[in-house]
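Source file: data.txt (compact mmCIF, C-alpha atoms)
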```
# COMPACT_ATOMS: atom_id res chain seq x y z
CA MET A 194 -16.47 7.09 12.08
CA ASP A 195 -14.32 5.55 9.40
CA PRO A 196 -10.93 7.33 9.42
CA ARG A 197 -9.83 5.74 6.15
CA LEU A 198 -12.16 8.01 4.16
CA ASN A 199 -10.14 11.07 5.15
CA ILE A 200 -6.81 9.84 3.85
CA ILE A 201 -7.87 8.81 0.33
CA ASP A 202 -7.54 12.30 -1.21
CA LYS A 203 -3.98 12.47 0.06
CA ARG A 204 -3.14 9.19 -1.63
CA PHE A 205 -4.00 10.70 -5.03
CA GLU A 206 -2.58 14.19 -4.54
CA ASN A 207 0.42 13.47 -6.79
CA VAL A 208 -1.53 11.60 -9.48
CA LYS A 209 -2.25 13.86 -12.45
CA ARG A 210 -5.04 11.93 -14.19
CA ILE A 211 -7.19 9.06 -12.98
CA ILE A 212 -9.07 7.15 -15.67
CA ALA A 213 -11.58 4.44 -14.78
CA VAL A 214 -12.01 2.02 -17.68
CA SER A 215 -15.61 0.93 -17.43
CA GLY A 216 -18.59 -0.33 -19.39
CA GLY A 217 -21.81 -1.90 -18.33
CA LYS A 218 -21.33 -5.46 -19.57
CA GLY A 219 -18.76 -8.10 -18.81
CA GLY A 220 -16.65 -9.59 -21.61
CA ILE A 221 -16.37 -6.45 -23.74
CA GLY A 222 -12.63 -5.97 -23.23
CA LYS A 223 -12.42 -3.58 -20.28
CA SER A 224 -9.49 -5.38 -18.66
CA LEU A 225 -7.64 -5.74 -21.94
CA THR A 226 -8.20 -2.06 -22.68
CA ALA A 227 -7.09 -1.00 -19.18
CA SER A 228 -4.00 -3.23 -19.23
CA ALA A 229 -2.96 -2.29 -22.78
CA LEU A 230 -3.65 1.37 -22.04
CA ALA A 231 -1.29 1.21 -19.04
CA LEU A 232 1.36 -0.50 -21.18
CA LEU A 233 1.03 2.05 -24.00
CA LEU A 234 1.14 5.05 -21.67
CA THR A 235 4.28 3.63 -20.04
CA LYS A 236 5.78 3.07 -23.50
CA GLN A 237 5.15 6.74 -24.25
CA GLY A 238 7.11 7.73 -21.16
CA PHE A 239 4.25 8.49 -18.79
CA ARG A 240 4.52 7.36 -15.17
CA THR A 241 1.58 5.00 -15.00
CA GLY A 242 -0.25 2.99 -12.38
CA LEU A 243 -2.82 0.24 -12.91
CA LEU A 244 -5.37 -0.69 -10.27
CA ASP A 245 -7.44 -3.81 -10.89
CA LEU A 246 -10.68 -3.22 -9.02
CA ASP A 247 -12.49 -6.23 -10.41
CA PHE A 248 -12.23 -8.12 -7.14
CA CYS A 249 -14.45 -11.01 -8.20
CA GLY A 250 -12.74 -11.51 -11.57
CA PRO A 251 -9.29 -9.90 -11.48
CA SER A 252 -7.47 -10.51 -14.75
CA ASP A 253 -4.97 -7.73 -15.45
CA HIS A 254 -2.17 -9.85 -13.96
CA VAL A 255 -3.08 -12.66 -16.39
CA ILE A 256 -3.22 -10.30 -19.38
CA LEU A 257 0.16 -8.76 -18.51
CA GLY A 258 1.77 -11.99 -17.27
CA ILE A 259 2.47 -10.55 -13.84
CA GLU A 260 3.38 -12.98 -11.07
CA GLY A 261 5.80 -13.39 -8.21
CA VAL A 262 5.59 -9.79 -7.00
CA PHE A 263 4.15 -8.28 -3.83
CA PRO A 264 3.69 -4.70 -2.57
CA GLU A 265 6.35 -3.23 -0.33
CA GLU A 266 5.22 -2.15 3.14
CA ASP A 267 6.39 1.38 3.86
CA LYS A 268 4.03 3.73 5.70
CA GLY A 269 1.25 2.02 3.79
CA ILE A 270 1.77 -0.29 0.82
CA ILE A 271 3.66 0.62 -2.33
CA PRO A 272 2.59 -1.17 -5.52
CA PRO A 273 5.41 -3.10 -7.17
CA GLU A 274 6.63 -1.74 -10.49
CA VAL A 275 6.23 -4.33 -13.22
CA LEU A 276 6.87 -3.58 -16.92
CA GLY A 277 7.27 0.02 -15.78
CA ILE A 278 3.71 0.04 -14.41
CA ARG A 279 2.91 0.37 -10.71
CA PHE A 280 0.42 -2.42 -10.37
CA MET A 281 -2.08 -3.06 -7.58
CA SER A 282 -4.54 -5.92 -7.42
CA ILE A 283 -6.52 -7.98 -4.90
CA THR A 284 -4.62 -11.01 -6.22
CA TYR A 285 -1.66 -10.13 -3.98
CA PHE A 286 -3.89 -11.00 -1.05
CA ALA A 287 -6.28 -13.51 -2.61
CA GLY A 288 -3.87 -15.58 -4.67
CA TYR A 289 -5.65 -17.80 -7.18
CA ASN A 290 -8.65 -18.25 -4.89
CA PRO A 291 -12.19 -17.13 -5.69
CA VAL A 292 -13.25 -13.95 -3.86
CA PRO A 293 -16.85 -14.43 -2.63
CA LEU A 294 -17.70 -10.91 -1.44
CA ARG A 295 -21.03 -9.16 -1.01
CA GLY A 296 -21.43 -5.54 -2.17
CA SER A 297 -20.75 -3.92 1.22
CA GLU A 298 -17.61 -6.01 1.61
CA VAL A 299 -16.41 -5.03 -1.86
CA SER A 300 -16.88 -1.40 -0.79
CA ASN A 301 -14.93 -1.96 2.41
CA ALA A 302 -12.09 -3.67 0.56
CA ILE A 303 -11.99 -0.84 -2.01
CA ILE A 304 -11.80 1.77 0.77
CA GLU A 305 -8.99 -0.17 2.47
CA LEU A 306 -7.01 -0.50 -0.73
CA LEU A 307 -7.44 3.19 -1.62
CA ALA A 308 -6.52 4.27 1.92
CA ILE A 309 -3.33 2.26 2.30
CA THR A 310 -1.91 2.28 -1.25
CA ARG A 311 0.78 4.92 -1.80
CA TRP A 312 0.97 5.62 -5.52
CA ASN A 313 3.36 8.57 -5.12
CA GLU A 314 3.90 10.52 -8.37
CA LEU A 315 2.01 9.33 -11.43
CA ASP A 316 0.96 10.92 -14.72
CA PHE A 317 -1.85 8.40 -15.14
CA LEU A 318 -3.62 5.94 -12.90
CA ILE A 319 -5.74 3.52 -14.89
CA ILE A 320 -8.48 1.77 -12.92
CA ASP A 321 -9.89 -1.44 -14.34
CA MET A 322 -13.51 -1.43 -13.19
CA PRO A 323 -15.80 -4.44 -12.77
CA PRO A 324 -18.94 -4.46 -14.94
CA GLY A 325 -21.90 -2.29 -14.07
CA THR A 326 -22.82 0.77 -12.07
CA GLY A 327 -23.04 -0.95 -8.69
CA ASP A 328 -21.00 -0.46 -5.54
CA PRO A 329 -17.51 -0.26 -7.09
CA ALA A 330 -18.48 2.42 -9.64
CA LEU A 331 -20.38 4.43 -7.04
CA ASP A 332 -17.48 4.10 -4.59
CA ILE A 333 -14.92 5.29 -7.10
CA ILE A 334 -17.14 8.25 -7.98
CA ARG A 335 -17.64 9.01 -4.27
CA LEU A 336 -14.05 8.53 -3.15
CA ILE A 337 -11.90 9.76 -6.04
CA LYS A 338 -12.97 13.30 -6.79
CA ARG A 339 -10.91 13.76 -9.97
CA VAL A 340 -11.84 10.48 -11.65
CA GLU A 341 -12.83 10.46 -15.32
CA PHE A 342 -14.37 7.50 -17.11
CA LEU A 343 -13.44 5.77 -20.33
CA ILE A 344 -16.42 3.73 -21.48
CA VAL A 345 -15.87 0.57 -23.48
CA THR A 346 -18.71 -0.93 -25.49
CA THR A 347 -19.23 -3.20 -28.43
CA GLN A 348 -21.67 -2.74 -31.28
CA SER A 349 -23.92 -5.42 -29.82
CA ARG A 350 -27.29 -3.97 -28.93
CA VAL A 351 -26.97 -5.66 -25.55
CA ALA A 352 -23.65 -3.97 -24.65
CA LEU A 353 -24.73 -0.67 -26.16
CA ALA A 354 -27.94 -0.55 -24.15
CA VAL A 355 -26.00 -0.99 -20.91
CA ALA A 356 -23.31 1.52 -21.95
CA LYS A 357 -26.08 4.07 -22.43
CA LYS A 358 -27.29 3.44 -18.90
CA GLU A 359 -23.81 3.97 -17.50
CA LEU A 360 -23.35 7.16 -19.51
CA GLN A 361 -26.73 8.35 -18.23
CA VAL A 362 -25.60 7.81 -14.61
CA LEU A 363 -22.28 9.60 -15.22
CA LYS A 364 -24.05 12.51 -16.92
CA GLU A 365 -26.52 12.82 -14.07
CA LEU A 366 -23.71 12.84 -11.51
CA GLY A 367 -21.59 15.28 -13.55
CA ILE A 368 -18.66 12.87 -13.86
CA PRO A 369 -16.32 13.62 -16.78
CA VAL A 370 -16.12 11.05 -19.56
CA ALA A 371 -12.76 10.96 -21.35
CA GLY A 372 -14.42 9.12 -24.20
CA VAL A 373 -16.15 6.05 -25.55
CA LEU A 374 -14.26 3.23 -27.22
CA GLU A 375 -15.98 0.74 -29.50
CA ASN A 376 -14.26 -2.60 -29.12
CA MET A 377 -14.56 -6.00 -30.88
CA ARG A 378 -16.17 -4.50 -33.96
CA LEU A 379 -17.34 -7.27 -36.30
CA LYS A 380 -19.28 -5.49 -39.03
CA GLU A 381 -18.28 -2.75 -41.44
CA GLN A 382 -21.29 -0.69 -40.45
CA SER A 383 -21.66 0.36 -36.84
CA ALA A 384 -24.17 2.64 -35.21
CA VAL A 385 -22.27 3.06 -31.93
CA LYS A 386 -21.01 6.60 -32.57
CA GLU A 387 -24.40 7.78 -33.73
CA GLU A 388 -26.30 5.97 -30.97
CA LEU A 389 -24.17 7.62 -28.27
CA SER A 390 -23.98 11.08 -29.84
CA CYS A 391 -26.78 12.35 -27.59
CA PHE A 392 -24.46 12.07 -24.58
CA GLU A 393 -22.04 14.57 -26.15
CA VAL A 394 -18.93 12.68 -25.06
CA PRO A 395 -15.86 12.14 -27.28
CA PHE A 396 -16.03 9.06 -29.50
CA LEU A 397 -12.45 7.77 -29.39
CA GLY A 398 -12.70 5.23 -32.18
CA SER A 399 -13.44 1.63 -33.12
CA ILE A 400 -11.21 -1.41 -32.81
CA LEU A 401 -11.93 -4.46 -34.93
CA PHE A 402 -12.31 -7.88 -33.30
CA ASP A 403 -8.77 -9.19 -33.02
CA TYR A 404 -8.51 -12.97 -33.29
CA SER A 405 -4.80 -12.89 -32.39
CA LEU A 406 -5.38 -11.41 -28.96
CA GLU A 407 -5.96 -14.66 -27.08
CA ASP A 408 -2.51 -15.94 -28.06
CA ALA A 409 -0.88 -12.72 -26.85
CA LEU A 410 -2.31 -12.88 -23.32
CA GLY A 411 0.40 -13.05 -20.68
CA ASP A 412 3.06 -11.78 -23.08
CA PRO A 413 3.22 -7.95 -23.01
CA LEU A 414 5.60 -7.66 -25.97
CA LYS A 415 3.35 -9.81 -28.12
CA LEU A 416 0.31 -7.92 -26.85
CA LEU A 417 1.80 -4.61 -27.98
CA LYS A 418 2.17 -6.01 -31.50
CA THR A 419 -1.47 -7.04 -31.87
CA ASP A 420 -3.81 -5.07 -34.11
CA PHE A 421 -5.81 -4.28 -30.98
CA ALA A 422 -2.83 -2.55 -29.31
CA VAL A 423 -1.77 -0.78 -32.52
CA GLU A 424 -5.27 0.67 -32.89
CA LEU A 425 -5.48 1.49 -29.19
CA GLU A 426 -2.18 3.37 -29.41
CA LYS A 427 -3.74 5.80 -31.92
CA ILE A 428 -6.60 6.31 -29.50
CA VAL A 429 -4.24 6.82 -26.55
CA LYS A 430 -2.66 9.77 -28.37
CA ALA A 431 -6.07 11.43 -28.45
CA LEU A 432 -6.41 10.90 -24.71
CA CYS A 433 -3.10 12.50 -23.72
CA MET B 229 4.34 -0.47 8.36
CA HIS B 230 0.87 -0.56 6.93
CA GLU B 231 -0.20 0.56 10.44
CA TRP B 232 1.35 3.93 9.54
CA ALA B 233 -1.28 4.59 6.87
CA LEU B 234 -4.06 3.83 9.33
CA ALA B 235 -2.46 6.04 12.00
CA GLU B 236 -2.28 8.88 9.47
CA SER B 237 -5.96 8.43 8.73
CA ILE B 238 -6.76 8.87 12.45
CA VAL B 239 -4.91 12.21 12.62
CA PHE B 240 -6.49 13.49 9.40
CA THR B 241 -9.95 12.55 10.64
CA VAL B 242 -9.49 14.23 14.02
CA ASN B 243 -8.33 17.37 12.21
CA GLU B 244 -11.29 17.31 9.86
CA GLU B 245 -13.79 16.79 12.69
CA ALA B 246 -12.14 19.55 14.73
CA VAL B 247 -12.67 21.98 11.85
CA LYS B 248 -16.22 20.77 11.22
CA GLU B 249 -17.20 20.98 14.90
CA LYS B 250 -15.12 24.14 15.54
CA LEU B 251 -13.13 22.46 18.31
CA LYS B 252 -10.16 24.38 19.70
CA ASP B 253 -8.95 21.59 21.93
CA ILE B 254 -9.18 17.82 21.66
CA THR B 255 -9.66 16.16 25.05
CA MET B 256 -10.15 12.54 24.02
CA VAL B 257 -10.12 10.36 20.91
CA LYS B 258 -11.42 6.83 21.32
CA VAL B 259 -9.97 4.49 18.69
CA LYS B 260 -11.13 0.94 18.27
CA VAL B 261 -8.88 -1.57 16.54
CA GLY B 262 -10.75 -4.55 15.19
CA GLU B 263 -9.05 -7.84 16.02
CA LEU B 264 -9.67 -9.19 12.51
CA GLN B 265 -7.06 -6.79 11.12
CA GLN B 266 -4.47 -8.03 13.62
CA ILE B 267 -2.86 -4.63 14.03
CA GLU B 268 0.36 -4.73 16.05
CA LEU B 269 -0.57 -2.29 18.81
CA ASP B 270 3.03 -1.31 19.55
CA ILE B 271 3.66 -0.53 15.88
CA PHE B 272 0.35 1.33 15.62
CA LYS B 273 1.14 3.44 18.71
CA PHE B 274 4.66 4.12 17.41
CA ALA B 275 3.20 5.19 14.05
CA LEU B 276 0.63 7.41 15.77
CA GLU B 277 3.32 9.10 17.85
CA ASN B 278 5.24 9.82 14.68
CA VAL B 279 2.31 11.22 12.69
CA LEU B 280 0.92 13.36 15.54
CA PRO B 281 3.15 16.31 14.49
CA LEU B 282 1.13 16.38 11.23
CA SER B 283 -1.92 17.39 13.25
CA SER B 284 -3.03 20.98 12.88
CA ILE B 285 -4.66 20.84 16.33
CA PRO B 286 -2.64 19.89 19.44
CA LEU B 287 -2.92 16.15 19.99
CA ASN B 288 -0.91 13.81 22.13
CA MET B 289 -0.93 10.13 22.95
CA ALA B 290 -2.33 10.74 26.45
CA ARG B 291 -5.54 11.86 24.75
CA ILE B 292 -5.87 8.88 22.47
CA ASP B 293 -7.45 5.81 23.99
CA ILE B 294 -6.94 2.67 21.91
CA GLU B 295 -9.09 -0.39 22.53
CA ILE B 296 -9.07 -3.77 20.81
CA ASP B 297 -12.53 -4.50 19.41
CA GLU B 298 -13.31 -8.21 19.57
CA SER B 299 -14.68 -9.63 16.37
CA THR B 300 -18.08 -11.12 15.72
CA LEU B 301 -18.59 -13.04 12.49
CA LYS B 302 -22.15 -14.01 11.58
CA CYS B 303 -22.98 -16.65 9.00
CA ASN B 304 -25.54 -15.41 6.47
CA VAL B 305 -26.61 -18.99 5.74
CA CYS B 306 -27.05 -20.73 9.13
CA ARG B 307 -26.86 -17.62 11.39
CA ASN B 308 -24.03 -19.13 13.45
CA GLU B 309 -21.85 -16.58 15.29
CA TRP B 310 -18.15 -16.99 16.06
CA ASN B 311 -15.04 -14.87 16.37
CA PHE B 312 -11.73 -14.56 14.59
CA ARG B 313 -9.69 -15.67 17.61
CA ASP B 314 -11.22 -19.15 17.44
CA ALA B 315 -9.88 -19.63 13.92
CA ALA B 316 -6.85 -17.36 13.84
CA GLY B 317 -4.32 -19.83 15.19
CA LYS B 318 -5.28 -22.38 12.54
CA LEU B 319 -4.63 -20.08 9.56
CA PRO B 320 -1.31 -20.27 7.73
CA GLU B 321 0.81 -17.15 8.24
CA GLU B 322 0.40 -15.86 4.69
CA GLU B 323 -3.40 -16.09 4.89
CA SER B 324 -3.38 -14.32 8.22
CA GLU B 325 -1.12 -11.65 6.73
CA ALA B 326 -3.48 -11.17 3.78
CA ILE B 327 -6.39 -10.60 6.21
CA HIS B 328 -4.21 -8.07 8.04
CA PHE B 329 -3.95 -5.99 4.85
CA ILE B 330 -7.51 -6.42 3.55
CA PRO B 331 -9.78 -7.92 6.26
CA GLU B 332 -12.43 -8.84 3.64
CA VAL B 333 -10.18 -11.57 2.27
CA ALA B 334 -11.20 -13.48 5.42
CA HIS B 335 -14.03 -14.67 3.16
CA ILE B 336 -11.44 -16.47 1.07
CA TYR B 337 -9.59 -18.18 3.86
CA MET B 338 -12.27 -18.74 6.51
CA ARG B 339 -15.50 -20.67 6.58
CA CYS B 340 -18.44 -20.82 8.97
CA PRO B 341 -17.35 -23.48 11.47
CA ARG B 342 -20.89 -24.87 11.53
CA CYS B 343 -22.02 -25.03 7.89
CA GLY B 344 -18.79 -24.35 5.97
CA SER B 345 -20.10 -21.30 4.08
CA PRO B 346 -17.85 -18.39 3.04
CA ASP B 347 -20.95 -16.17 3.11
CA PHE B 348 -20.62 -14.51 6.50
CA GLU B 349 -20.83 -10.96 7.77
CA ILE B 350 -18.07 -9.22 9.70
CA ALA B 351 -20.50 -7.75 12.22
CA LYS B 352 -17.87 -6.37 14.58
CA GLY B 353 -14.13 -5.99 15.02
CA ARG B 354 -13.13 -5.44 11.38
CA GLY B 355 -10.46 -2.73 11.45
CA VAL B 356 -9.45 0.70 12.71
CA TRP B 357 -12.40 2.87 13.73
CA ILE B 358 -12.90 6.14 15.62
CA ASP B 359 -15.59 5.57 18.21
CA TYR B 360 -15.78 9.18 19.34
CA ILE B 361 -13.87 12.47 19.53
CA GLU B 362 -14.31 14.78 22.51
CA GLY B 363 -13.17 18.38 22.55
CA GLU B 364 -13.85 21.94 23.60
CA ARG B 365 -15.06 24.78 21.43
```
Mind converting the file's structure to structure tokens?
Amino acid sequence: MDPRLNIIDKRFENVKRIIAVSGGKGGIGKSLTASALALLLTKQGFRTGLLDLDFCGPSDHVILGIEGVFPEEDKGIIPPEVLGIRFMSITYFAGYNPVPLRGSEVSNAIIELLAITRWNELDFLIIDMPPGTGDPALDIIRLIKRVEFLIVTTQSRVALAVAKKELQVLKELGIPVAGVLENMRLKEQSAVKEELSCFEVPFLGSILFDYSLEDALGDPLKLLKTDFAVELEKIVKALC
Amino acid sequence: MHEWALAESIVFTVNEEAVKEKLKDITMVKVKVGELQQIELDIFKFALENVLPLSSIPLNMARIDIEIDESTLKCNVCRNEWNFRDAAGKLPEEESEAIHFIPEVAHIYMRCPRCGSPDFEIAKGRGVWIDYIEGER
């Protein structure tokens, strides 16, 4: 039997809220949302952790310009505090290398990380999820009993169709949804809110496509000044 | 002391199984330590000794048998089989250390010695595992 499964609850016992930032498709701004959310919550005085679970495409460290840090080993591993955020990522162990893992190995690595990481006291733990409802999403639902999801989508029919599928899975499993965020909005008219109304989850708001974002990557202060972050900050207030 | 976290998980699991199986006494716990994770046995035993007081059921080191589980890695492409020991000495320390924390990162730093693929399965000897728990009701 796998003893790691029995220690995971204990690792989260002093974490008040755990929010998995998810969404079916890749490239819709999940990592940016998760990273900026962690920054904004920290700015508001909340003790915040950020866990990048996108093992095959980790990018939170790039978005936040985090480098040159490593977890401390003390009865497990303690995430380093960077920009006021306790940050954990596979990049500490993988460096800049590609991570060619099959689904079962991703699960095993997730279990290991959850079992050995000591978050201690947090108001919020933000989890940046990889795309889809595959192994990582099912593992997080299975292993973290108090997790709630924040679903990111765009108004594209492609992204919206997949977001609906994810919401369907969460509804079926009885997993709480903190809300849906429409990101990268291009047109004045959007049907996202209406299209997702049948799921009866909070619609947190829309954020327009922000052309300045790319230039702000890696610079947290600049990132906080983007229209994206300013809009997200209003949404964060609704979450708290 | 990442071994400490794994030692804690052993005690928590024994406790949980004892409750589930209504065991009043634990007579033996067989723990396997996969060689891929390169656990320092002395540190692991020291950690276990120190977390045993957390146990809600009496448990002592004499009743915990720890065995190193040799690794078997199987290539998904050419079906070659090898073990971690053959490659371990050739890995730089920081890569070896990374595998110690998260054994799956072996896929980043190791390749099938026959075909060079990173697509292999850790069939045996990954990490800490409880083989069995014996006790009396």
Would you give me, as JSON lines, each residue of chain B having an atom within 9 Å of an atom of chain A, along with its shortest atom pair and that distance in Å to one decimal, using all atoms listed in the file and sorting by chain and residue number?
```
{"residue": "B:Met229", "atom": "CA", "partner": "A:Lys268", "partner_atom": "CA", "distance": 5.0}
{"residue": "B:His230", "atom": "CA", "partner": "A:Gly269", "partner_atom": "CA", "distance": 4.1}
{"residue": "B:Glu231", "atom": "CA", "partner": "A:Gly269", "partner_atom": "CA", "distance": 7.0}
{"residue": "B:Trp232", "atom": "CA", "partner": "A:Lys268", "partner_atom": "CA", "distance": 4.7}
{"residue": "B:Ala233", "atom": "CA", "partner": "A:Gly269", "partner_atom": "CA", "distance": 4.7}
{"residue": "B:Leu234", "atom": "CA", "partner": "A:Arg197", "partner_atom": "CA", "distance": 6.9}
{"residue": "B:Ala235", "atom": "CA", "partner": "A:Pro196", "partner_atom": "CA", "distance": 8.9}
{"residue": "B:Glu236", "atom": "CA", "partner": "A:Ile200", "partner_atom": "CA", "distance": 7.3}
{"residue": "B:Ser237", "atom": "CA", "partner": "A:Pro196", "partner_atom": "CA", "distance": 5.1}
{"residue": "B:Ile238", "atom": "CA", "partner": "A:Pro196", "partner_atom": "CA", "distance": 5.4}
{"residue": "B:Val239", "atom": "CA", "partner": "A:Pro196", "partner_atom": "CA", "distance": 8.4}
{"residue": "B:Phe240", "atom": "CA", "partner": "A:Asn199", "partner_atom": "CA", "distance": 6.1}
{"residue": "B:Thr241", "atom": "CA", "partner": "A:Pro196", "partner_atom": "CA", "distance": 5.4}
{"residue": "B:Val242", "atom": "CA", "partner": "A:Pro196", "partner_atom": "CA", "distance": 8.4}
{"residue": "B:Glu244", "atom": "CA", "partner": "A:Asn199", "partner_atom": "CA", "distance": 7.9}
{"residue": "B:Ala275", "atom": "CA", "partner": "A:Lys268", "partner_atom": "CA", "distance": 8.5}
{"residue": "B:Glu322", "atom": "CA", "partner": "A:Phe286", "partner_atom": "CA", "distance": 8.7}
{"residue": "B:Glu323", "atom": "CA", "partner": "A:Phe286", "partner_atom": "CA", "distance": 7.8}
{"residue": "B:Glu325", "atom": "CA", "partner": "A:Phe286", "partner_atom": "CA", "distance": 8.3}
{"residue": "B:Ala326", "atom": "CA", "partner": "A:Phe286", "partner_atom": "CA", "distance": 4.9}
{"residue": "B:Ile327", "atom": "CA", "partner": "A:Phe286", "partner_atom": "CA", "distance": 7.7}
{"residue": "B:Phe329", "atom": "CA", "partner": "A:Phe286", "partner_atom": "CA", "distance": 7.7}
{"residue": "B:Ile330", "atom": "CA", "partner": "A:Ala302", "partner_atom": "CA", "distance": 6.1}
{"residue": "B:Pro331", "atom": "CA", "partner": "A:Ala302", "partner_atom": "CA", "distance": 7.5}
{"residue": "B:Glu332", "atom": "CA", "partner": "A:Ala302", "partner_atom": "CA", "distance": 6.0}
{"residue": "B:Val333", "atom": "CA", "partner": "A:Ala287", "partner_atom": "CA", "distance": 6.5}
{"residue": "B:His335", "atom": "CA", "partner": "A:Pro293", "partner_atom": "CA", "distance": 6.4}
{"residue": "B:Ile336", "atom": "CA", "partner": "A:Val292", "partner_atom": "CA", "distance": 5.8}
{"residue": "B:Tyr337", "atom": "CA", "partner": "A:Ala287", "partner_atom": "CA", "distance": 8.6}
{"residue": "B:Pro346", "atom": "CA", "partner": "A:Pro293", "partner_atom": "CA", "distance": 7.0}
{"residue": "B:Asp347", "atom": "CA", "partner": "A:Pro293", "partner_atom": "CA", "distance": 7.3}
{"residue": "B:Glu349", "atom": "CA", "partner": "A:Glu298", "partner_atom": "CA", "distance": 8.5}
{"residue": "B:Ile350", "atom": "CA", "partner": "A:Glu298", "partner_atom": "CA", "distance": 8.7}
{"residue": "B:Val356", "atom": "CA", "partner": "A:Pro196", "partner_atom": "CA", "distance": 7.5}
{"residue": "B:Trp357", "atom": "CA", "partner": "A:Asp195", "partner_atom": "CA", "distance": 5.4}
{"residue": "B:Ile358", "atom": "CA", "partner": "A:Met194", "partner_atom": "CA", "distance": 5.1}
{"residue": "B:Asp359", "atom": "CA", "partner": "A:Met194", "partner_atom": "CA", "distance": 6.4}
{"residue": "B:Tyr360", "atom": "CA", "partner": "A:Met194", "partner_atom": "CA", "distance": 7.6}
```
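If only C-alpha atoms are the atoms counted, then among B:Leu269, B:Leu280, B:Leu287, B:Cys303 the closest residue to Thr255 of chain B is B:Leu287.
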Show which residues sit within 10 Å of Phe421 of chain A, as a list in words. Count all atoms listed in the file, and ignore same-chain residues fewer than 3 positions away.
-> Leu225, Thr226, Ala229, Asn376, Met377, Ser399, Ile400, Leu401, Phe402, Asp403, Tyr404, Ser405, Leu406, Leu416, Leu417, Lys418, Glu424, Leu425 and Glu426 of chain A
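The shortest atom-to-atom distance to Ala231 of chain A, with all atoms listed in the file taken into account, belongs to A:Pro413 out of A:Ser390, A:Pro413, A:Phe396, A:Lys380.
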Tell me, as a PyMOL selection string, which residues lie within 8 Å of Asp253 of chain B, counting all atoms listed in the file; anything in the same chain fewer than 2 positions away does not count.
-> chain B and resi 251+255+285-286+363-365
Near Pro341 of chain B, within 12 Å and counting all atoms listed in the file, which residues show up once chain neighbours fewer than 2 positions away are dropped, as a PyMOL selection string?
-> chain B and resi 301-303+305-312+314-315+338-339+343-348
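Going from atom CA of Val279 of chain B to atom CA of Val261 of chain B covers 17.4 Å.
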For Pro272 of chain A, work out the shell of residues within 10 Å, counting all atoms listed in the file and skipping chain neighbours fewer than 2 positions away, then give it as an MDAnalysis selection string.
-> chainID A and resid 242:244 262:266 269:270 274:275 278:282 310:313
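Across B:Gln265, B:Ser284, B:Glu298, B:Phe274, the tightest approach to Val247 of chain B is made by B:Ser284 when counting all atoms listed in the file.
With all atoms listed in the file as the atoms that count, the residue of B:Leu264, B:Asp293, B:Glu362, B:Ala351 with the shortest distance to Ala316 of chain B is B:Leu264.
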Report as a compact mmCIF listing (two decimals) with C-alpha atoms, keeping the file's coordinate frame all protein, DNA and RNA residues lying within 10 Å of segment 233-241 of chain A, evaluated on all atoms listed in the file, omitting residues in the same chain fewer than 6 positions from it.
```
# COMPACT_ATOMS: atom_id res chain seq x y z
CA VAL A 208 -1.53 11.60 -9.48
CA LYS A 209 -2.25 13.86 -12.45
CA ARG A 210 -5.04 11.93 -14.19
CA ILE A 211 -7.19 9.06 -12.98
CA ALA A 227 -7.09 -1.00 -19.18
CA GLU A 274 6.63 -1.74 -10.49
CA LEU A 276 6.87 -3.58 -16.92
CA GLY A 277 7.27 0.02 -15.78
CA ILE A 278 3.71 0.04 -14.41
CA ARG A 279 2.91 0.37 -10.71
CA PHE A 280 0.42 -2.42 -10.37
CA TRP A 312 0.97 5.62 -5.52
CA GLU A 314 3.90 10.52 -8.37
CA LEU A 315 2.01 9.33 -11.43
CA ASP A 316 0.96 10.92 -14.72
CA PHE A 317 -1.85 8.40 -15.14
CA LEU A 318 -3.62 5.94 -12.90
CA ILE A 319 -5.74 3.52 -14.89
CA LEU A 417 1.80 -4.61 -27.98
CA ALA A 422 -2.83 -2.55 -29.31
CA VAL A 423 -1.77 -0.78 -32.52
CA LEU A 425 -5.48 1.49 -29.19
CA GLU A 426 -2.18 3.37 -29.41
CA LYS A 427 -3.74 5.80 -31.92
CA VAL A 429 -4.24 6.82 -26.55
CA LYS A 430 -2.66 9.77 -28.37
CA CYS A 433 -3.10 12.50 -23.72
```
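Atom CA of Ile254 of chain B to atom CA of Lys352 of chain B spans 26.7 Å [interatomic distance, one decimal].
Using only C-alpha atoms, the shortest contact distance between Thr284 of chain A and any of A:Leu343, A:Ile256, A:Cys249, A:Ala354 is found at A:Cys249.
Take atom CA of Leu410 of chain A and atom CA of Val351 of chain A: the distance between them is 25.8 Å.
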Counting only C-alpha atoms, the residue of A:Leu257, A:Leu414, A:Ile320, A:Val340 that sits nearest Leu363 of chain A = A:Val340
